[in-house]
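Trainee: Got a structure for you, model_33.txt, holding compact mmCIF, C-alpha atoms and all ligand atoms.
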# COMPACT_ATOMS: atom_id res chain seq x y z
CA MET I 1 -21.49 15.07 -38.78
CA SER I 2 -25.24 15.03 -39.33
CA VAL I 3 -27.54 15.43 -36.35
CA GLN I 4 -28.49 11.73 -36.58
CA ASP I 5 -24.82 10.64 -36.43
CA ARG I 6 -24.03 12.59 -33.29
CA PRO I 7 -23.02 10.47 -30.30
CA ARG I 8 -25.76 10.11 -27.70
CA VAL I 9 -24.98 10.93 -24.09
CA LEU I 10 -26.94 10.71 -20.86
CA VAL I 11 -26.50 13.15 -17.97
CA THR I 12 -28.02 11.30 -15.02
CA ARG I 13 -28.66 14.23 -12.65
CA ARG I 14 -29.61 17.89 -12.91
CA THR I 15 -26.67 20.05 -13.96
CA PHE I 16 -25.81 23.61 -15.01
CA ASP I 17 -27.70 24.89 -18.08
CA GLU I 18 -24.48 26.22 -19.63
CA VAL I 19 -22.82 22.80 -19.36
CA LEU I 20 -25.82 21.11 -20.97
CA ALA I 21 -25.85 23.75 -23.71
CA SER I 22 -22.20 23.10 -24.55
CA LEU I 23 -22.79 19.33 -24.60
CA ARG I 24 -25.75 19.83 -26.96
CA GLU I 25 -23.43 21.55 -29.48
CA ARG I 26 -21.79 18.17 -30.13
CA PHE I 27 -24.01 15.46 -28.75
CA ASP I 28 -27.55 14.21 -28.70
CA VAL I 29 -28.18 14.75 -24.97
CA ASP I 30 -30.65 12.93 -22.75
CA ASP I 31 -30.81 15.01 -19.57
CA ASN I 32 -32.52 14.60 -16.20
CA GLN I 33 -33.17 18.23 -15.30
CA GLY I 34 -36.19 17.03 -13.31
CA ASP I 35 -33.51 15.52 -11.03
CA VAL I 36 -35.44 12.49 -9.86
CA PRO I 37 -32.68 9.90 -9.19
CA LEU I 38 -32.86 7.19 -11.88
CA ALA I 39 -33.71 3.74 -10.54
CA PRO I 40 -31.32 1.02 -11.82
CA ASP I 41 -33.78 -0.18 -14.53
CA GLU I 42 -34.41 3.34 -15.75
CA LEU I 43 -30.68 4.13 -15.75
CA ARG I 44 -30.04 0.97 -17.77
CA ARG I 45 -32.84 1.75 -20.24
CA ARG I 46 -31.65 5.30 -20.85
CA ALA I 47 -27.92 4.49 -20.95
CA ALA I 48 -28.38 1.55 -23.33
CA ALA I 49 -28.29 3.70 -26.48
CA CYS I 50 -25.48 6.00 -25.30
CA GLU I 51 -21.81 6.38 -26.19
CA GLY I 52 -21.18 8.35 -23.00
CA ILE I 53 -22.79 8.92 -19.62
CA ILE I 54 -22.13 11.58 -17.00
CA THR I 55 -22.88 9.92 -13.67
CA ALA I 56 -23.14 11.10 -10.07
CA VAL I 57 -22.03 9.57 -6.77
CA ALA I 58 -25.29 7.72 -6.15
CA ASP I 59 -25.49 6.06 -9.60
CA PRO I 60 -24.32 2.44 -9.32
CA VAL I 61 -22.31 1.67 -12.46
CA THR I 62 -22.30 -2.12 -12.36
CA ALA I 63 -21.16 -4.82 -14.78
CA ALA I 64 -24.86 -5.49 -15.52
CA LEU I 65 -25.39 -1.86 -16.49
CA LEU I 66 -22.30 -1.87 -18.70
CA ASP I 67 -23.44 -5.09 -20.39
CA ALA I 68 -26.68 -3.36 -21.34
CA CYS I 69 -24.71 -0.57 -23.06
CA PRO I 70 -22.89 -2.04 -26.09
CA ARG I 71 -22.01 1.42 -27.52
CA LEU I 72 -20.75 2.92 -24.27
CA ARG I 73 -17.22 4.36 -24.47
CA ILE I 74 -16.99 6.58 -21.40
CA VAL I 75 -18.39 6.87 -17.91
CA ALA I 76 -17.60 10.43 -16.79
CA ASN I 77 -18.26 10.37 -13.05
CA CYS I 78 -19.01 13.88 -11.82
CA ALA I 79 -17.18 13.32 -8.51
CA VAL I 80 -13.64 12.65 -7.40
CA GLY I 81 -14.73 9.42 -5.68
CA THR I 82 -15.35 6.44 -7.94
CA ASN I 83 -16.66 3.89 -5.42
CA ASN I 84 -20.03 3.85 -7.23
CA VAL I 85 -18.33 2.39 -10.31
CA ASP I 86 -17.11 -1.16 -10.98
CA ILE I 87 -13.73 -0.08 -12.36
CA PRO I 88 -12.44 -3.53 -13.47
CA ALA I 89 -15.76 -4.09 -15.29
CA CYS I 90 -15.23 -0.81 -17.20
CA THR I 91 -11.65 -1.72 -18.08
CA GLU I 92 -12.51 -5.26 -19.21
CA ARG I 93 -15.11 -3.82 -21.60
CA GLY I 94 -12.83 -1.08 -22.97
CA ILE I 95 -14.87 1.67 -21.32
CA MET I 96 -13.01 4.74 -20.06
CA LEU I 97 -13.78 5.97 -16.54
CA THR I 98 -13.01 9.54 -15.53
CA ASN I 99 -13.50 11.57 -12.34
CA THR I 100 -13.12 15.19 -11.25
CA PRO I 101 -9.97 15.49 -9.13
CA GLY I 102 -8.40 18.78 -8.07
CA VAL I 103 -11.29 21.17 -8.66
CA LEU I 104 -12.99 20.39 -5.35
CA ASP I 105 -10.06 20.11 -2.92
CA ASP I 106 -10.27 23.52 -1.25
CA THR I 107 -14.06 23.61 -1.11
CA THR I 108 -14.16 20.16 0.49
CA ALA I 109 -11.41 21.16 2.95
CA ASP I 110 -13.40 24.29 3.85
CA HIS I 111 -16.41 22.12 4.67
CA ALA I 112 -14.33 19.88 6.92
CA TRP I 113 -13.43 23.03 8.81
CA ALA I 114 -17.03 24.22 8.85
CA LEU I 115 -17.95 20.92 10.52
CA MET I 116 -15.03 21.21 12.96
CA PHE I 117 -16.17 24.63 14.13
CA ALA I 118 -19.87 23.80 14.09
CA ALA I 119 -19.36 20.65 16.15
CA ALA I 120 -16.74 22.10 18.53
CA ARG I 121 -18.57 25.37 19.22
CA ARG I 122 -22.07 23.85 19.19
CA VAL I 123 -23.22 26.23 16.46
CA VAL I 124 -26.14 24.17 15.19
CA SER I 125 -27.58 23.01 18.51
CA SER I 126 -27.39 26.48 20.07
CA ASP I 127 -29.04 27.99 16.98
CA ARG I 128 -31.84 25.43 17.25
CA TRP I 129 -32.22 26.10 21.01
CA LEU I 130 -32.42 29.87 20.43
CA ARG I 131 -35.01 29.53 17.65
CA ASP I 132 -37.05 27.23 19.88
CA GLY I 133 -37.45 30.15 22.30
CA HIS I 134 -35.28 28.82 25.15
CA TRP I 135 -33.01 31.89 25.47
CA LYS I 136 -34.34 33.69 28.54
CA ALA I 137 -31.08 34.98 30.05
CA TRP I 138 -27.41 35.07 29.07
CA GLY I 139 -25.50 32.31 30.85
CA PHE I 140 -21.80 32.37 31.72
CA MET I 141 -21.81 28.62 32.22
CA ASP I 142 -23.90 27.78 29.14
CA TRP I 143 -22.90 26.26 25.81
CA HIS I 144 -19.28 25.54 26.62
CA GLY I 145 -17.55 23.97 23.65
CA VAL I 146 -14.07 22.87 22.65
CA ASP I 147 -11.31 25.22 21.43
CA VAL I 148 -10.08 24.78 17.88
CA HIS I 149 -7.08 27.12 18.15
CA HIS I 150 -3.88 25.57 19.53
CA ALA I 151 -5.48 22.11 19.53
CA THR I 152 -4.05 19.04 17.79
CA LEU I 153 -5.54 18.31 14.38
CA GLY I 154 -5.19 14.72 13.16
CA VAL I 155 -5.87 14.02 9.49
CA ILE I 156 -6.35 10.43 8.34
CA GLY I 157 -5.75 10.27 4.58
CA MET I 158 -3.33 12.84 3.17
CA GLY I 159 -4.30 13.02 -0.47
CA ARG I 160 -4.96 16.43 -1.99
CA ILE I 161 -8.02 17.07 0.20
CA GLY I 162 -6.37 15.84 3.39
CA GLN I 163 -3.38 18.09 2.74
CA ALA I 164 -5.66 21.09 2.11
CA ILE I 165 -7.35 20.40 5.47
CA ALA I 166 -3.98 20.07 7.20
CA ARG I 167 -2.53 23.27 5.66
CA ARG I 168 -5.41 25.28 7.14
CA GLY I 169 -4.32 24.20 10.63
CA ALA I 170 -1.48 26.74 10.65
CA GLY I 171 -4.05 29.56 10.57
CA PHE I 172 -5.37 28.46 13.95
CA ASP I 173 -1.97 27.72 15.49
CA MET I 174 -2.73 24.02 15.56
CA ASN I 175 -0.36 21.15 16.03
CA VAL I 176 -0.99 19.02 12.93
CA ILE I 177 -0.44 15.27 12.77
CA TYR I 178 -1.46 12.85 10.03
CA HIS I 179 -1.72 9.22 9.08
CA ASN I 180 -1.55 7.97 5.51
CA ARG I 181 -0.96 4.61 3.82
CA ASN I 182 2.42 5.97 2.75
CA ARG I 183 4.32 8.62 4.59
CA LEU I 184 4.51 11.89 2.59
CA PRO I 185 7.77 13.24 1.18
CA ALA I 186 9.47 15.63 3.61
CA ALA I 187 8.64 18.68 1.45
CA ASP I 188 4.90 17.89 1.59
CA GLU I 189 5.04 17.30 5.35
CA ALA I 190 6.76 20.67 5.71
CA ALA I 191 4.18 22.43 3.49
CA CYS I 192 1.43 21.08 5.75
CA ARG I 193 3.52 21.51 8.92
CA ALA I 194 2.37 17.99 9.72
CA SER I 195 4.06 15.11 11.53
CA TYR I 196 3.43 11.46 10.75
CA ARG I 197 1.79 9.11 13.27
CA SER I 198 0.57 5.54 13.20
CA MET I 199 -3.21 5.44 13.03
CA ASP I 200 -3.63 4.32 16.63
CA ALA I 201 -1.23 6.99 17.90
CA LEU I 202 -3.11 9.67 15.96
CA LEU I 203 -6.49 8.53 17.28
CA GLY I 204 -5.25 8.73 20.85
CA GLU I 205 -3.49 12.09 20.49
CA ALA I 206 -5.66 14.32 18.28
CA ASP I 207 -8.29 16.72 19.58
CA PHE I 208 -9.84 16.85 16.10
CA VAL I 209 -9.78 13.74 13.93
CA VAL I 210 -10.72 14.28 10.29
CA VAL I 211 -11.19 11.29 8.00
CA SER I 212 -10.38 11.94 4.34
CA VAL I 213 -9.63 8.61 2.63
CA PRO I 214 -11.17 7.14 -0.54
CA TYR I 215 -13.72 4.36 0.01
CA GLY I 216 -13.13 0.81 -1.20
CA PRO I 217 -12.73 -2.70 0.20
CA ALA I 218 -9.46 -1.69 1.90
CA THR I 219 -11.08 1.19 3.79
CA HIS I 220 -14.46 -0.39 4.64
CA HIS I 221 -14.99 0.31 8.36
CA LEU I 222 -11.40 1.56 8.61
CA ILE I 223 -12.70 3.38 11.67
CA GLY I 224 -14.62 0.80 13.68
CA ALA I 225 -15.51 0.39 17.36
CA ARG I 226 -11.90 -0.40 18.32
CA GLU I 227 -10.51 2.69 16.59
CA LEU I 228 -13.29 4.96 17.93
CA GLY I 229 -12.54 3.61 21.40
CA LEU I 230 -9.05 5.13 21.16
CA LEU I 231 -10.37 8.70 20.85
CA LYS I 232 -9.96 11.14 23.73
CA PRO I 233 -13.13 11.91 25.70
CA THR I 234 -12.79 15.53 24.50
CA ALA I 235 -12.25 14.61 20.84
CA VAL I 236 -14.25 15.96 17.89
CA PHE I 237 -14.60 13.46 15.04
CA ILE I 238 -15.18 14.56 11.43
CA ASN I 239 -16.00 12.42 8.39
CA ILE I 240 -15.97 14.06 4.96
CA ALA I 241 -14.69 10.91 3.20
CA ARG I 242 -17.45 8.40 2.37
CA GLY I 243 -20.08 6.48 4.24
CA GLY I 244 -18.74 3.01 4.88
CA VAL I 245 -15.29 4.22 5.95
CA VAL I 246 -16.70 4.61 9.47
CA ASP I 247 -18.79 2.04 11.33
CA ASP I 248 -21.78 4.35 11.85
CA PRO I 249 -23.65 2.30 14.52
CA ALA I 250 -20.42 2.21 16.56
CA LEU I 251 -20.11 5.99 16.20
CA VAL I 252 -23.74 6.51 17.22
CA ALA I 253 -23.14 4.41 20.35
CA LEU I 254 -20.03 6.43 21.21
CA LEU I 255 -21.80 9.78 20.79
CA LYS I 256 -24.87 8.59 22.67
CA ALA I 257 -22.70 7.57 25.61
CA GLY I 258 -20.98 10.99 25.54
CA ARG I 259 -17.66 9.14 25.13
CA ILE I 260 -16.36 11.92 22.82
CA ALA I 261 -17.28 15.60 22.67
CA ALA I 262 -18.90 15.77 19.26
CA ALA I 263 -18.92 14.74 15.62
CA GLY I 264 -19.38 16.54 12.31
CA LEU I 265 -20.47 14.25 9.50
CA ASP I 266 -21.08 14.90 5.82
CA VAL I 267 -21.28 11.28 4.65
CA PHE I 268 -23.08 8.20 5.93
CA GLU I 269 -23.23 4.50 5.32
CA ASN I 270 -26.25 3.77 3.06
CA GLU I 271 -26.96 7.48 2.62
CA PRO I 272 -29.47 9.03 2.35
CA ALA I 273 -30.93 6.28 4.61
CA LEU I 274 -28.56 7.09 7.45
CA ASP I 275 -28.58 5.36 10.83
CA PRO I 276 -31.62 6.92 12.58
CA GLY I 277 -29.60 6.97 15.80
CA PHE I 278 -27.77 10.06 14.50
CA LEU I 279 -30.94 12.14 14.33
CA GLY I 280 -31.50 12.33 18.06
CA LEU I 281 -27.93 13.29 18.90
CA GLU I 282 -27.38 16.84 20.09
CA ASN I 283 -23.60 16.38 19.86
CA ALA I 284 -23.54 15.61 16.12
CA VAL I 285 -23.68 18.06 13.23
CA LEU I 286 -25.01 16.36 10.10
CA THR I 287 -24.86 17.65 6.52
CA PRO I 288 -26.22 15.88 3.43
CA HIS I 289 -22.99 15.10 1.49
CA ILE I 290 -22.41 18.73 0.52
CA ALA I 291 -18.67 19.16 1.12
CA SER I 292 -18.02 20.06 -2.53
CA ALA I 293 -21.22 22.07 -2.88
CA SER I 294 -20.16 25.63 -3.57
CA ARG I 295 -21.62 26.89 -6.83
CA ALA I 296 -18.17 27.58 -8.32
CA THR I 297 -16.86 24.13 -7.43
CA ARG I 298 -19.91 22.22 -8.60
CA LEU I 299 -19.67 24.16 -11.89
CA GLY I 300 -15.97 23.28 -12.12
CA MET I 301 -16.81 19.61 -11.54
CA ALA I 302 -19.57 19.63 -14.18
CA GLU I 303 -17.27 21.34 -16.70
CA LEU I 304 -14.46 18.86 -16.04
CA ALA I 305 -16.84 15.90 -16.42
CA ALA I 306 -18.04 17.38 -19.73
CA ARG I 307 -14.43 17.94 -20.89
CA ASN I 308 -13.58 14.33 -20.03
CA LEU I 309 -16.60 13.04 -21.94
CA THR I 310 -15.96 15.26 -24.96
CA ALA I 311 -12.29 14.26 -25.16
CA ALA I 312 -13.11 10.55 -24.94
CA LEU I 313 -15.78 10.75 -27.64
CA SER I 314 -13.38 12.74 -29.87
CA GLY I 315 -10.77 9.99 -29.74
CA GLU I 316 -8.54 11.89 -27.29
CA ARG I 317 -7.24 10.90 -23.89
CA PRO I 318 -9.53 12.49 -21.28
CA PRO I 319 -7.75 14.78 -18.78
CA SER I 320 -8.67 12.70 -15.73
CA LEU I 321 -8.72 9.09 -16.84
CA VAL I 322 -9.01 6.76 -13.84
CA ASN I 323 -8.44 3.40 -15.56
CA ALA I 324 -5.30 4.49 -17.43
CA GLU I 325 -4.67 0.86 -18.46
CA VAL I 326 -7.90 0.66 -20.51
CA THR I 327 -7.78 -0.14 -24.22
CA PRO I 328 -10.70 1.94 -25.44
CA ARG I 329 -13.40 0.25 -27.53
C1 LIG K 401 -16.91 13.50 -4.64
O1 LIG K 401 -16.55 14.27 -5.54
O2 LIG K 401 -16.50 12.34 -4.57
C2 LIG K 401 -17.86 14.04 -3.63
O3 LIG K 401 -18.11 13.17 -2.61
C3 LIG K 401 -19.16 14.47 -4.29
O4 LIG K 401 -19.01 15.78 -4.61
What is this file in structure tokens?
Ligand code: DGY

Mentor:
Amino acid sequence: MSVQDRPRVLVTRRTFDEVLASLRERFDVDDNQGDVPLAPDELRRRAAACEGIITAVADPVTAALLDACPRLRIVANCAVGTNNVDIPACTERGIMLTNTPGVLDDTTADHAWALMFAAARRVVSSDRWLRDGHWKAWGFMDWHGVDVHHATLGVIGMGRIGQAIARRGAGFDMNVIYHNRNRLPAADEAACRASYRSMDALLGEADFVVVSVPYGPATHHLIGARELGLLKPTAVFINIARGGVVDDPALVALLKAGRIAAAGLDVFENEPALDPGFLGLENAVLTPHIASASRATRLGMAELAARNLTAALSGERPPSLVNAEVTPR
């Protein structure tokens, strides 16, 4: 294939040099190593001439974008979540959509636990207090938090990531309960040492509630004011799923009123423009959507996205095809 005939691909956000180098061996690559997020018009302009695009969670892949890309054969989303993509619009146009499942499960589960500990043991606020020069004397009655060990962990959403979070509970002698759209097979429940509960029962029983469901119309505000109102006053609430799954203003109001102990949040509705109410809360630990952000895992995600794209543009079935029913262009 001559250089001119090589398929053109766009990588919408900064990625690993080695991944770009391997893409350049086969494709004419338009990269964005400057990493300024592409506005919708710019994304459309640069994707228009491409056979493939590697997208990130904040890139809206809409029907209008797809219509501007007559040569496009694959959208390789570099994320496990695909809520930024209009999946039926891809399928109707014969465009393959892939994601990056599996490679980020343990890293994301680790971050859920990091948030659990940080929120329960007040790691961030006490660090801030110390740096601000307030530590004048050791205090027996200061900085009391909530115990993680022997507490009840409730996981809402028991896909691969939810199960990885649940399995870690055994290490801290926790009682693990879960809620999922469908109850897990007995062998999976046993592997996680987890017992099934209805959502309301879980919300009322768990000391730590971790939300780990995909986002879509069915899970929009799955956790709203009513559900949050069921939490124990000592509960710690964790969201590593997606903004939009939780009604953030309702959560801000709950935390502000001290109606639960604390929250640890990695994702926000309308991120990065999160509800400003969160910023003044001492009982919330906030991270900027970094649950999968270990170097090894982000590299694994980038490599899988590149493998998906390469397979699709070589006429093969990509390893993690989301719209399996698609008839490729
Ligand atoms: C995902 O993969 O969906 C994460 O939210 C981004 O790493």

Trainee: Contacts between range 269-289 of chain I and range 54-139 of chain I, please, where a residue of range 54-139 of chain I counts if it comes within 12 Å (with only C-alpha atoms); show its shortest atom pair and distance in Å to one decimal, rows by chain and ascending number, as CSV.

Mentor:
residue,atom,partner,partner_atom,distance
I:Val57,CA,I:His289,CA,10.0
I:Ala58,CA,I:Glu271,CA,8.9
I:Ala79,CA,I:His289,CA,11.7
I:Thr108,CA,I:His289,CA,10.2
I:His111,CA,I:Thr287,CA,9.7
I:Ala112,CA,I:Thr287,CA,10.8
I:Ala114,CA,I:Val285,CA,10.1
I:Leu115,CA,I:Val285,CA,7.0
I:Met116,CA,I:Val285,CA,9.2
I:Phe117,CA,I:Val285,CA,10.0
I:Ala118,CA,I:Val285,CA,6.9
I:Ala119,CA,I:Val285,CA,5.8
I:Ala120,CA,I:Asn283,CA,9.0
I:Arg121,CA,I:Asn283,CA,10.3
I:Arg122,CA,I:Asn283,CA,7.7
I:Val123,CA,I:Val285,CA,8.8
I:Val124,CA,I:Val285,CA,6.9
I:Ser125,CA,I:Glu282,CA,6.4
I:Ser126,CA,I:Glu282,CA,9.6
I:Asp127,CA,I:Glu282,CA,11.7
I:Arg128,CA,I:Glu282,CA,10.1
I:Trp129,CA,I:Glu282,CA,10.5

Trainee: Considering all atoms listed in the file, state which residue in the set I:Leu184, I:Val267, I:Cys192, I:Ile95 is at the smallest distance from Asn239 in chain I.

Mentor: I:Val267

Trainee: Which residues are near ligand LIG 401 (chain K) - at most 10 Å, using all atoms listed in the file? Format: as a PyMOL selection string.

Mentor: chain I and resi 56-58+77-84+99-105+107-108+214-215+240-243+266-267+289-294+297-298+301

Trainee: Name the residues in contact with range 65-70 of chain I at a cut-off of 9 Å, using all atoms listed in the file, excluding same-chain residues fewer than 6 positions from it; report them as a ChimeraX atom specification.

Mentor: /I:40-41,43-45,47-51,89-90,93,95

Trainee: Can you list, as a ChimeraX atom specification, every protein, DNA or RNA residue that comes within 9 Å of Arg26 in chain I when you count only C-alpha atoms, leaving out same-chain residues fewer than 3 positions away?

Mentor: /I:3,6-7,22-23,29,310

Trainee: Would you mind reading off the distance between CA of Asp188 in chain I and CA of Val245 in chain I, one decimal, in Å?

Mentor: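 Computing the Euclidean distance for CA of Asp188 in chain I and CA of Val245 in chain I yields 24.8 Å.
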
Trainee: List as a ChimeraX atom specification the protein and nucleic acid residues near range 142-154 of chain I, meaning an atom at most 9 Å away when all atoms listed in the file are counted, but skip any in the same chain fewer than 2 places from it.

Mentor: /I:116-117,119-122,126,138-140,156,166,169,171-179,194,197,202-203,205-211,234-236,261

Trainee: Which residues of range 25-108 of chain I come within 12 Å of range 15-21 of chain I, and for each one, what is the closest pair of atoms and their distance in Å to one decimal, counting only C-alpha atoms, sorted by chain and residue number, as CSV?

Mentor:
residue,atom,partner,partner_atom,distance
I:Glu25,CA,I:Ala21,CA,6.6
I:Arg26,CA,I:Ala21,CA,9.4
I:Phe27,CA,I:Leu20,CA,9.8
I:Asp28,CA,I:Leu20,CA,10.5
I:Val29,CA,I:Leu20,CA,7.9
I:Asp30,CA,I:Leu20,CA,9.7
I:Asp31,CA,I:Leu20,CA,8.0
I:Asn32,CA,I:Thr15,CA,8.3
I:Gln33,CA,I:Thr15,CA,6.9
I:Gly34,CA,I:Thr15,CA,10.0
I:Asp35,CA,I:Thr15,CA,8.7
I:Ile54,CA,I:Thr15,CA,10.1
I:Thr55,CA,I:Thr15,CA,10.8
I:Ala56,CA,I:Thr15,CA,10.4
I:Cys78,CA,I:Thr15,CA,10.1

Trainee: With C-alpha atoms retained, export the selected residues as a compact mmCIF listing (two decimals), in the coordinates of the input.

Mentor:
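Generated file (again19.txt):
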# COMPACT_ATOMS: atom_id res chain seq x y z
CA GLU I 25 -23.43 21.55 -29.48
CA ARG I 26 -21.79 18.17 -30.13
CA PHE I 27 -24.01 15.46 -28.75
CA ASP I 28 -27.55 14.21 -28.70
CA VAL I 29 -28.18 14.75 -24.97
CA ASP I 30 -30.65 12.93 -22.75
CA ASP I 31 -30.81 15.01 -19.57
CA ASN I 32 -32.52 14.60 -16.20
CA GLN I 33 -33.17 18.23 -15.30
CA GLY I 34 -36.19 17.03 -13.31
CA ASP I 35 -33.51 15.52 -11.03
CA ILE I 54 -22.13 11.58 -17.00
CA THR I 55 -22.88 9.92 -13.67
CA ALA I 56 -23.14 11.10 -10.07
CA CYS I 78 -19.01 13.88 -11.82

Trainee: Check the smallest atom-to-atom distance from each of I:Ala324, I:Leu313, I:Leu299, I:Val61 to Arg8 in chain I using all atoms listed in the file, then report the winner.

Mentor: I:Leu313

Trainee: Nearest to Pro328 in chain I among I:Ala187, I:Val155, I:Met96, I:Leu38, with distances taken over all atoms listed in the file: which residue is it?

Mentor: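 Going through I:Ala187, I:Val155, I:Met96, I:Leu38 one by one, the smallest distance to Pro328 in chain I is for I:Met96.
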
Trainee: At what distance in Å, to one decimal, does CA of Thr98 in chain I lie from CA of Gly162 in chain I?

Mentor: 21.0 Å

Trainee: Please report the interatomic distance between CA of Leu304 in chain I and CA of Ala191 in chain I in Å with one decimal.

Mentor: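 Answer for the CA of Leu304 in chain I to CA of Ala191 in chain I separation: 27.2 Å.
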
Trainee: Choose the residue, out of I:Asp247, I:Ala302, I:Leu321, I:Ala312, that has the smallest atom-to-atom separation from Ile223 in chain I; count all atoms listed in the file.

Mentor: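 Checking each candidate against Ile223 in chain I, we get I:Asp247 as the closest.
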
Trainee: How would range 71-83 of chain I look with N, CA and C atoms restored, written as a PDB file, in the coordinates of the input?

Mentor:
ATOM      1  N   ARG I  71     -22.692   0.306 -26.822  1.00  0.00           N
ATOM      2  CA  ARG I  71     -22.010   1.420 -27.520  1.00  0.00           C
ATOM      3  C   ARG I  71     -21.208   2.291 -26.561  1.00  0.00           C
ATOM      4  N   LEU I  72     -21.310   2.001 -25.273  1.00  0.00           N
ATOM      5  CA  LEU I  72     -20.750   2.920 -24.270  1.00  0.00           C
ATOM      6  C   LEU I  72     -19.221   2.968 -24.341  1.00  0.00           C
ATOM      7  N   ARG I  73     -18.678   4.201 -24.407  1.00  0.00           N
ATOM      8  CA  ARG I  73     -17.220   4.360 -24.470  1.00  0.00           C
ATOM      9  C   ARG I  73     -16.655   5.077 -23.249  1.00  0.00           C
ATOM     10  N   ILE I  74     -17.497   5.857 -22.588  1.00  0.00           N
ATOM     11  CA  ILE I  74     -16.990   6.580 -21.400  1.00  0.00           C
ATOM     12  C   ILE I  74     -18.068   6.740 -20.326  1.00  0.00           C
ATOM     13  N   VAL I  75     -17.617   6.503 -19.092  1.00  0.00           N
ATOM     14  CA  VAL I  75     -18.390   6.870 -17.910  1.00  0.00           C
ATOM     15  C   VAL I  75     -17.637   8.052 -17.292  1.00  0.00           C
ATOM     16  N   ALA I  76     -18.248   9.234 -17.356  1.00  0.00           N
ATOM     17  CA  ALA I  76     -17.600  10.430 -16.790  1.00  0.00           C
ATOM     18  C   ALA I  76     -18.273  10.692 -15.444  1.00  0.00           C
ATOM     19  N   ASN I  77     -17.656  10.206 -14.370  1.00  0.00           N
ATOM     20  CA  ASN I  77     -18.260  10.370 -13.050  1.00  0.00           C
ATOM     21  C   ASN I  77     -18.048  11.813 -12.603  1.00  0.00           C
ATOM     22  N   CYS I  78     -19.121  12.471 -12.228  1.00  0.00           N
ATOM     23  CA  CYS I  78     -19.010  13.880 -11.820  1.00  0.00           C
ATOM     24  C   CYS I  78     -18.760  13.923 -10.305  1.00  0.00           C
ATOM     25  N   ALA I  79     -17.606  13.420  -9.918  1.00  0.00           N
ATOM     26  CA  ALA I  79     -17.180  13.320  -8.510  1.00  0.00           C
ATOM     27  C   ALA I  79     -15.721  12.898  -8.548  1.00  0.00           C
ATOM     28  N   VAL I  80     -15.005  13.171  -7.466  1.00  0.00           N
ATOM     29  CA  VAL I  80     -13.640  12.650  -7.400  1.00  0.00           C
ATOM     30  C   VAL I  80     -13.676  11.176  -6.996  1.00  0.00           C
ATOM     31  N   GLY I  81     -14.609  10.821  -6.109  1.00  0.00           N
ATOM     32  CA  GLY I  81     -14.730   9.420  -5.680  1.00  0.00           C
ATOM     33  C   GLY I  81     -15.314   8.580  -6.808  1.00  0.00           C
ATOM     34  N   THR I  82     -14.871   7.327  -6.872  1.00  0.00           N
ATOM     35  CA  THR I  82     -15.350   6.440  -7.940  1.00  0.00           C
ATOM     36  C   THR I  82     -15.883   5.124  -7.355  1.00  0.00           C
ATOM     37  N   ASN I  83     -16.223   5.142  -6.062  1.00  0.00           N
ATOM     38  CA  ASN I  83     -16.660   3.890  -5.420  1.00  0.00           C
ATOM     39  C   ASN I  83     -18.027   3.421  -5.899  1.00  0.00           C
TER      40      ASN I  83
END
